[in-house]
$ cat run.json   # JSON, C-alpha atoms
[["chain", "number", "residue", "atom", "x", "y", "z"],
["R", 8, "MET", "CA", 0.00, 0.00, 0.00],
["R", 9, "LYS", "CA", 2.87, 2.40, 0.83],
["R", 10, "LEU", "CA", 4.48, 1.56, -2.52],
["R", 11, "LEU", "CA", 1.24, 2.32, -4.38],
["R", 12, "SER", "CA", 0.89, 5.61, -2.48],
["R", 13, "ALA", "CA", 4.48, 6.57, -3.31],
["R", 14, "VAL", "CA", 3.98, 5.75, -7.00],
["R", 15, "MET", "CA", 0.75, 7.75, -7.12],
["R", 16, "SER", "CA", 2.43, 10.74, -5.40],
["R", 17, "THR", "CA", 5.32, 10.60, -7.86],
["R", 18, "LEU", "CA", 2.96, 10.45, -10.85],
["R", 19, "LEU", "CA", 0.88, 13.31, -9.48],
["R", 20, "PHE", "CA", 3.98, 15.45, -8.91],
["R", 21, "ALA", "CA", 5.29, 14.62, -12.39],
["R", 22, "GLY", "CA", 1.94, 15.56, -13.89],
["R", 23, "ILE", "CA", 1.96, 18.92, -12.11],
["R", 24, "ALA", "CA", 5.56, 19.58, -13.21],
["R", 25, "PHE", "CA", 4.72, 18.64, -16.81],
["R", 26, "THR", "CA", 1.66, 20.90, -16.80],
["R", 27, "ALA", "CA", 3.68, 23.83, -15.47],
["R", 28, "THR", "CA", 6.34, 23.32, -18.12],
["R", 29, "ALA", "CA", 3.82, 22.91, -20.92],
["R", 30, "GLU", "CA", 1.93, 26.05, -19.87],
["R", 31, "GLY", "CA", 5.17, 28.08, -19.85],
["R", 32, "THR", "CA", 6.08, 27.35, -23.47],
["R", 33, "VAL", "CA", 4.71, 29.00, -26.54],
["R", 34, "LYS", "CA", 4.60, 27.88, -30.14],
["R", 35, "ILE", "CA", 5.69, 30.61, -32.54],
["R", 36, "SER", "CA", 4.67, 30.22, -36.17],
["R", 37, "ASP", "CA", 4.13, 32.09, -39.43],
["R", 38, "ILE", "CA", 7.13, 34.38, -38.88],
["R", 39, "SER", "CA", 7.29, 36.92, -41.70],
["R", 40, "LYS", "CA", 10.54, 36.87, -43.64],
["R", 41, "PRO", "CA", 13.31, 37.82, -43.17],
["R", 42, "ALA", "CA", 12.62, 37.71, -39.40],
["R", 43, "LYS", "CA", 13.44, 34.50, -37.52],
["R", 44, "GLN", "CA", 13.05, 32.90, -34.12],
["R", 45, "SER", "CA", 15.88, 32.73, -31.61],
["R", 46, "THR", "CA", 16.45, 32.46, -27.85],
["R", 47, "VAL", "CA", 17.56, 35.26, -25.54],
["R", 48, "LYS", "CA", 21.11, 34.78, -24.26],
["R", 49, "VAL", "CA", 24.36, 36.73, -24.31],
["R", 50, "GLY", "CA", 25.54, 36.68, -27.92],
["R", 51, "THR", "CA", 22.08, 36.27, -29.48],
["R", 52, "LEU", "CA", 21.85, 38.28, -32.65],
["R", 53, "ARG", "CA", 19.89, 41.39, -31.69],
["R", 54, "SER", "CA", 19.47, 42.39, -35.29],
["R", 55, "ALA", "CA", 22.00, 40.63, -37.47],
["R", 56, "PRO", "CA", 24.94, 41.21, -37.21],
["R", 57, "TYR", "CA", 24.60, 42.95, -33.80],
["R", 58, "LYS", "CA", 24.89, 40.82, -30.65],
["R", 59, "LEU", "CA", 22.95, 41.14, -27.40],
["R", 60, "SER", "CA", 25.29, 41.65, -24.44],
["R", 61, "VAL", "CA", 23.29, 42.83, -21.41],
["R", 62, "PHE", "CA", 19.59, 42.32, -20.62],
["R", 63, "PRO", "CA", 17.33, 41.71, -17.60],
["R", 64, "ASP", "CA", 17.65, 38.17, -16.17],
["R", 65, "MET", "CA", 13.92, 37.52, -16.59],
["R", 66, "PHE", "CA", 14.47, 37.20, -20.36],
["R", 67, "LYS", "CA", 17.25, 34.61, -20.26],
["R", 68, "GLY", "CA", 16.22, 31.53, -22.27],
["R", 69, "LYS", "CA", 12.96, 33.09, -23.51],
["R", 70, "PRO", "CA", 12.00, 32.83, -27.17],
["R", 71, "CYS", "CA", 12.39, 35.90, -29.30],
["R", 72, "VAL", "CA", 11.88, 37.01, -32.88],
["R", 73, "ILE", "CA", 14.57, 39.12, -34.55],
["R", 74, "ALA", "CA", 15.01, 40.78, -37.92],
["R", 75, "PRO", "CA", 18.17, 41.69, -39.84],
["R", 76, "ARG", "CA", 19.39, 45.29, -39.94],
["R", 77, "GLY", "CA", 18.93, 46.14, -43.58],
["R", 78, "LYS", "CA", 20.16, 49.53, -44.77],
["R", 79, "GLY", "CA", 20.75, 52.12, -42.04],
["R", 80, "ALA", "CA", 19.29, 54.85, -44.23],
["R", 81, "LYS", "CA", 15.90, 53.07, -44.14],
["R", 82, "PRO", "CA", 13.60, 52.49, -41.14],
["R", 83, "GLY", "CA", 13.96, 49.17, -39.26],
["R", 84, "ILE", "CA", 11.51, 46.71, -40.82],
["R", 85, "THR", "CA", 8.03, 45.67, -39.72],
["R", 86, "PHE", "CA", 7.51, 41.97, -39.06],
["R", 87, "SER", "CA", 4.89, 39.63, -37.61],
["R", 88, "PHE", "CA", 4.41, 36.16, -36.14],
["R", 89, "ASN", "CA", 1.72, 34.04, -34.49],
["R", 90, "ILE", "CA", 1.66, 32.75, -30.91],
["R", 91, "ASP", "CA", -0.52, 29.91, -29.63],
["R", 92, "LYS", "CA", -0.99, 31.32, -26.10],
["R", 93, "PRO", "CA", -1.64, 34.74, -24.58],
["R", 94, "ALA", "CA", 1.67, 36.45, -23.85],
["R", 95, "THR", "CA", 3.35, 39.69, -22.98],
["R", 96, "ILE", "CA", 5.62, 40.78, -25.79],
["R", 97, "TYR", "CA", 8.64, 42.78, -24.66],
["R", 98, "LEU", "CA", 9.99, 44.96, -27.41],
["R", 99, "PHE", "CA", 13.70, 45.80, -27.35],
["R", 100, "VAL", "CA", 13.82, 49.19, -29.07],
["R", 101, "HIS", "CA", 17.07, 50.77, -30.25],
["R", 102, "LYS", "CA", 17.33, 54.15, -28.53],
["R", 103, "ARG", "CA", 17.61, 56.35, -31.61],
["R", 104, "GLY", "CA", 15.74, 59.57, -32.23],
["R", 105, "ASN", "CA", 12.73, 60.33, -30.04],
["R", 106, "TYR", "CA", 10.99, 57.17, -31.19],
["R", 107, "ALA", "CA", 8.54, 55.18, -29.04],
["R", 108, "PRO", "CA", 6.25, 52.50, -30.53],
["R", 109, "LYS", "CA", 2.61, 53.64, -30.39],
["R", 110, "GLY", "CA", 0.40, 51.53, -28.13],
["R", 111, "TRP", "CA", 3.32, 49.99, -26.23],
["R", 112, "GLU", "CA", 4.06, 50.69, -22.54],
["R", 113, "LYS", "CA", 7.58, 51.80, -21.68],
["R", 114, "THR", "CA", 9.23, 49.85, -18.85],
["R", 115, "ASP", "CA", 12.20, 50.82, -16.66],
["R", 116, "MET", "CA", 14.22, 47.95, -18.15],
["R", 117, "LYS", "CA", 17.10, 48.39, -20.57],
["R", 118, "ALA", "CA", 19.38, 46.20, -22.66],
["R", 119, "THR", "CA", 22.66, 46.63, -24.52],
["R", 120, "TRP", "CA", 23.98, 45.20, -27.77],
["R", 121, "LEU", "CA", 27.35, 45.35, -29.45],
["R", 122, "VAL", "CA", 28.83, 46.31, -32.78],
["R", 123, "GLY", "CA", 32.38, 45.07, -32.31],
["R", 124, "LYS", "CA", 33.24, 46.64, -28.94],
["R", 125, "ALA", "CA", 30.91, 49.64, -29.31],
["R", 126, "LYS", "CA", 27.84, 49.47, -27.04],
["R", 127, "TYR", "CA", 24.34, 50.56, -28.07],
["R", 128, "PRO", "CA", 21.26, 50.90, -25.81],
["R", 129, "ASP", "CA", 17.78, 49.44, -26.10],
["R", 130, "LEU", "CA", 14.76, 50.70, -24.22],
["R", 131, "ILE", "CA", 12.23, 47.96, -23.41],
["R", 132, "PHE", "CA", 8.50, 48.35, -24.02],
["R", 133, "LYS", "CA", 5.73, 45.81, -23.42],
["R", 134, "LYS", "CA", 2.27, 44.93, -24.66],
["R", 135, "ASP", "CA", -0.13, 42.07, -23.90],
["R", 136, "PHE", "CA", -1.40, 39.96, -26.80],
["R", 137, "PRO", "CA", -4.00, 37.17, -27.00],
["R", 138, "ALA", "CA", -3.11, 34.00, -28.88],
["R", 139, "GLY", "CA", -2.89, 34.85, -32.58],
["R", 140, "LYS", "CA", -1.04, 37.34, -34.75],
["R", 141, "VAL", "CA", 1.52, 39.75, -33.30],
["R", 142, "ASP", "CA", 2.51, 42.74, -35.45],
["R", 143, "ILE", "CA", 5.84, 44.39, -34.68],
["R", 144, "PRO", "CA", 6.04, 48.02, -35.84],
["R", 145, "THR", "CA", 8.68, 49.71, -37.97],
["R", 146, "HIS", "CA", 11.42, 51.58, -36.10],
["R", 147, "THR", "CA", 11.15, 55.11, -37.50],
["R", 148, "GLY", "CA", 13.47, 56.83, -35.02],
["R", 149, "LYS", "CA", 16.33, 58.59, -36.78],
["R", 150, "GLN", "CA", 19.59, 60.17, -35.76],
["R", 151, "GLY", "CA", 21.55, 61.90, -38.50],
["R", 152, "SER", "CA", 21.04, 59.82, -41.63],
["R", 153, "ASN", "CA", 20.54, 56.50, -39.79],
["R", 154, "TYR", "CA", 17.37, 54.93, -38.49],
["R", 155, "GLY", "CA", 17.13, 52.61, -35.50],
["R", 156, "VAL", "CA", 17.65, 48.89, -36.00],
["R", 157, "PRO", "CA", 14.56, 46.64, -36.19],
["R", 158, "HIS", "CA", 13.03, 45.70, -32.87],
["R", 159, "MET", "CA", 13.62, 42.41, -31.06],
["R", 160, "ALA", "CA", 10.41, 40.85, -29.70],
["R", 161, "VAL", "CA", 10.73, 38.65, -26.59],
["R", 162, "ILE", "CA", 7.75, 36.43, -25.80],
["R", 163, "VAL", "CA", 6.77, 35.78, -22.16],
["R", 164, "VAL", "CA", 3.71, 33.54, -21.69],
["R", 165, "LYS", "CA", 1.17, 34.89, -19.21]]
$ encode --input "run.json" --output "structure tokens"
Amino acid sequence: MKLLSAVMSTLLFAGIAFTATAEGTVKISDISKPAKQSTVKVGTLRSAPYKLSVFPDMFKGKPCVIAPRGKGAKPGITFSFNIDKPATIYLFVHKRGNYAPKGWEKTDMKATWLVGKAKYPDLIFKKDFPAGKVDIPTHTGKQGSNYGVPHMAVIVVK
């Protein structure tokens, strides 16, 4: 009887752990090209070829969607993707010009990315989305003749 109770407790615990893990993951699909999915860690391409170097710990290991730089004389591109669960999307926004994405809430968080050894700042904005399509806006902030790099979208399941 004790053995049966122990087995049942183990299975129940495993089921709870599996449910928690399954609820914390999100399926990302239909990513518009040339954007692609990645994972947040030091060295992740922020916007190819720029590499993420500093970011809040809460984002480590989270899925993200990134887009390549393109030409600096043109605004950072718009992209989209689908998520299968409600999530908060955290938008890493290159601090360039007086740009802020409309409809997104600014947080106190910041990140840094590198071009060689030169450091560049990101402000972090957030917005809640239901399961379905997520549209990431164009970065239209400009300094001199260069626009900000495309945003990086980090997905955190609610």
$ closest_residue --input "run.json" --among "R:Lys117, R:His146, R:Arg103, R:Lys92" --to "R:Asp64" --atoms "only C-alpha atoms"
R:Lys117
$ closest_residue --input "run.json" --among "R:Ile38, R:Val72, R:Val100, R:Val163" --to "R:Leu130" --atoms "all atoms listed in the file"
R:Val100
$ residues_around --input "run.json" --residues "R:Pro63" --least-positions-apart "2" --cutoff "9 Å" --atoms "only C-alpha atoms" --output "CSV table (one decimal) with C-alpha atoms, in the frame of the given file"
chain,number,residue,atom,x,y,z
R,61,VAL,CA,23.3,42.8,-21.4
R,65,MET,CA,13.9,37.5,-16.6
R,66,PHE,CA,14.5,37.2,-20.4
R,67,LYS,CA,17.2,34.6,-20.3
R,116,MET,CA,14.2,48.0,-18.2
R,117,LYS,CA,17.1,48.4,-20.6
R,118,ALA,CA,19.4,46.2,-22.7
$ residues_around --input "run.json" --residues "R:Gly79" --least-positions-apart "3" --cutoff "10 Å" --atoms "all atoms listed in the file" --output "ChimeraX atom specification"
/R:76,82-83,149,152-156
$ atom_distance --input "run.json" --atom1 "atom CA of R:His101" --atom2 "atom CA of R:Leu59"
11.6 Å
$ atom_distance --input "run.json" --atom1 "atom CA of R:Tyr106" --atom2 "atom CA of R:Phe86"
17.5 Å
$ closest_residue --input "run.json" --among "R:Pro144, R:Ser54, R:Pro93, R:Tyr127" --to "R:Trp111" --atoms "all atoms listed in the file"
R:Pro144
